[in-house]
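Inspection log for the structure reproduced underneath, given as structure tokens.
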Amino acid sequence: MDKFRMIFQFLQSNQESFMNGICGIMALASAQVYAAFDFNCPCLPGYNAAYSAGILLAPPLVLFLLGLVMNNNVSMLAEEWKRPLGRRAKDPAVLRYMFCSMAQRALIAPVVWVAVTLLDGKCFLCAFCTAVPVTELGNGSLVPGLPPPELARLLARVPCPEIYDGDWLLAREVAVRYLRCISQALGWTFVLLTTLLAFVVRSVRPCFTQAAFLKSKYWSHYINIERKLFDETCTEHAKAFAKVCIQQFFEAMNRDLELGHSHGALTTAPAGAATLAPGDGAEGEKEKLRGITDQGTMNRLLTSWHKCKPPLRLSQEEPPVGNGWAGGSFRSPRREVATYFSKV
């Protein structure tokens, strides 16, 4: 049990490992779902292809969307993409790196589903049973005497052994083996191509654009860490703000009760009303408020963080005053003027 707890704590501390674990679990779950899925081909001309296409495409799309939903970076990417320009420019390379990173992980489960479906062969058999070459695999002398609708009806029943009645034209086992062989060949080809593509994306691509790749990766991690630290700071500030408000409420209640006792208006005090001494611990919490003591100022600060995040520059000669902090007004950046002197 301790080993599982250590693994879970490691995955929580490392977001990339955590997302890789989630994608692996989804890939295994997709294979298990397909194994438990009851595939029932309609065995009707015109419906087989639609049913097979739905089984081959709809679940991978659902798995891809689930992979994106379970990724914590989706909201971060949308926020970075739609936020106003403000004091910090947006780098399209960082947005592309974040999207590609999420898409690569989200595509694992759909790829597993498509590969398992093709290797199993049921979907391919249902979709292309009407395209079996009867003249080569069956009794080709009887094909010219059958109308096309009747021939399509007979071949559409190949996936259904309980209702197939065309052995006189084509042996069912021959058609099943022929189509499953093609399906498995396509499945292994699909696995090979996706593996090669993943190798190129993960290994070869950074070698050609290493500098741009490292910059995009660094600032992507920075945006993620900045968001986490901002959430933690907001939680700490909200806790301090709530604590000071509650302390002030009870201090005011204590004063009202003491005033009522002095005038003889109240003879008994409610239980637990004077549990906090005036000023007990309030100064330490007020220091965490950073000068923000009302709801309007806090709302302006949060709006400023969204509209004009501070620039990514640590060595500033003067603090930024155009971010709306503490009621500050927005100010346009100064224009630098260069003066050139020439000898006369």
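Chains: A, B, ... in order of the structure tokens. Residues: from 1 per chain. Ligands: from 1, in order shown.
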
Please report, as JSON lines, each residue of stretch 122-145 of chain A lying at most 10 Å from stretch 24-39 of chain A, together with the nearest pair of atoms and the separation in Å rounded to one decimal; use only C-alpha atoms, and order rows by chain and ascending residue number.
{"residue": "A:Lys122", "atom": "CA", "partner": "A:Phe39", "partner_atom": "CA", "distance": 7.7}
{"residue": "A:Cys123", "atom": "CA", "partner": "A:Phe39", "partner_atom": "CA", "distance": 8.1}
{"residue": "A:Cys126", "atom": "CA", "partner": "A:Phe39", "partner_atom": "CA", "distance": 9.8}

Give me every alpha helix (DSSP H) residue in stretch 64-228 of chain A, going by DSSP on the backbone, as a ChimeraX atom specification.
-> /A:64-69,73-82,92-106,108-120,122-128,134-137,148-156,172-199,205-208,210-228

Which residues of stretch 182-230 of chain A have any atom within 9 Å of an atom in stretch 67-78 of chain A when counting only C-alpha atoms, and what is the closest pair of atoms for each, with the distance in Å to one decimal? Order the rows by chain and rising number and write it as JSON lines.
{"residue": "A:Ile223", "atom": "CA", "partner": "A:Met76", "partner_atom": "CA", "distance": 8.0}
{"residue": "A:Asn224", "atom": "CA", "partner": "A:Met76", "partner_atom": "CA", "distance": 7.3}
{"residue": "A:Arg227", "atom": "CA", "partner": "A:Met76", "partner_atom": "CA", "distance": 8.0}

Spatial neighbours of A:Pro149, 12 Å, only C-alpha atoms, chain gap at least 5 places, as a list in words | Leu44, Pro45, Gly46, Thr130, Val143, Leu154, Leu155 and Ala156 of chain A

Could you check how far atom CA of A:Ala127 sits from atom CA of A:Ile163, in Å to one decimal?
->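 About the pair atom CA of A:Ala127 and atom CA of A:Ile163: they are 17.2 Å apart.
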
Kindly indicate which residue among A:Thr303, A:Ala58, A:Val114, A:Leu170 lies nearest to A:Leu142, using only C-alpha atoms for the distances.
->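 Closest to A:Leu142, using only C-alpha atoms: A:Leu170.
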
Could you name the residues that touch A:Ala175 at 7 Å or less, counting only C-alpha atoms, but leaving out those on the same chain fewer than 4 positions away, as a PyMOL selection string?
-> chain A and resi 132+171+179

Which neighbours of A:Cys23 fall inside 8 Å, counting only C-alpha atoms, when residues of the same chain fewer than 5 positions from it are skipped, and could you give them as a VMD selection string?
-> chain A and resid 67 105 to 106 108 to 109

Interatomic distance between atom CA of A:Lys243 and atom CA of A:Met298?
->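 Atom CA of A:Met298 lies at a distance of 15.9 Å from atom CA of A:Lys243.
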
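Using only C-alpha atoms, the nearest neighbour of A:Tyr222 within the list A:Gln248, A:Leu146, A:Arg83, A:Leu312 is A:Leu312.
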
Return the single residue from A:Trp188, A:Phe230, A:Phe208, A:Tyr47 that is closest to A:Val112, with distances computed using only C-alpha atoms.
->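 Checking each of A:Trp188, A:Phe230, A:Phe208, A:Tyr47 against A:Val112, counting only C-alpha atoms, the winner is A:Trp188.
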
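Counting from atom CA of A:Leu169, the distance to atom CA of A:Thr117 is 28.4 Å.
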
Residue neighbourhood A:Leu186, 12 Å, only C-alpha atoms, exclusion window fewer than 6 positions, as a PyMOL selection string = chain A and resi 114-121+124+179-180+192-193
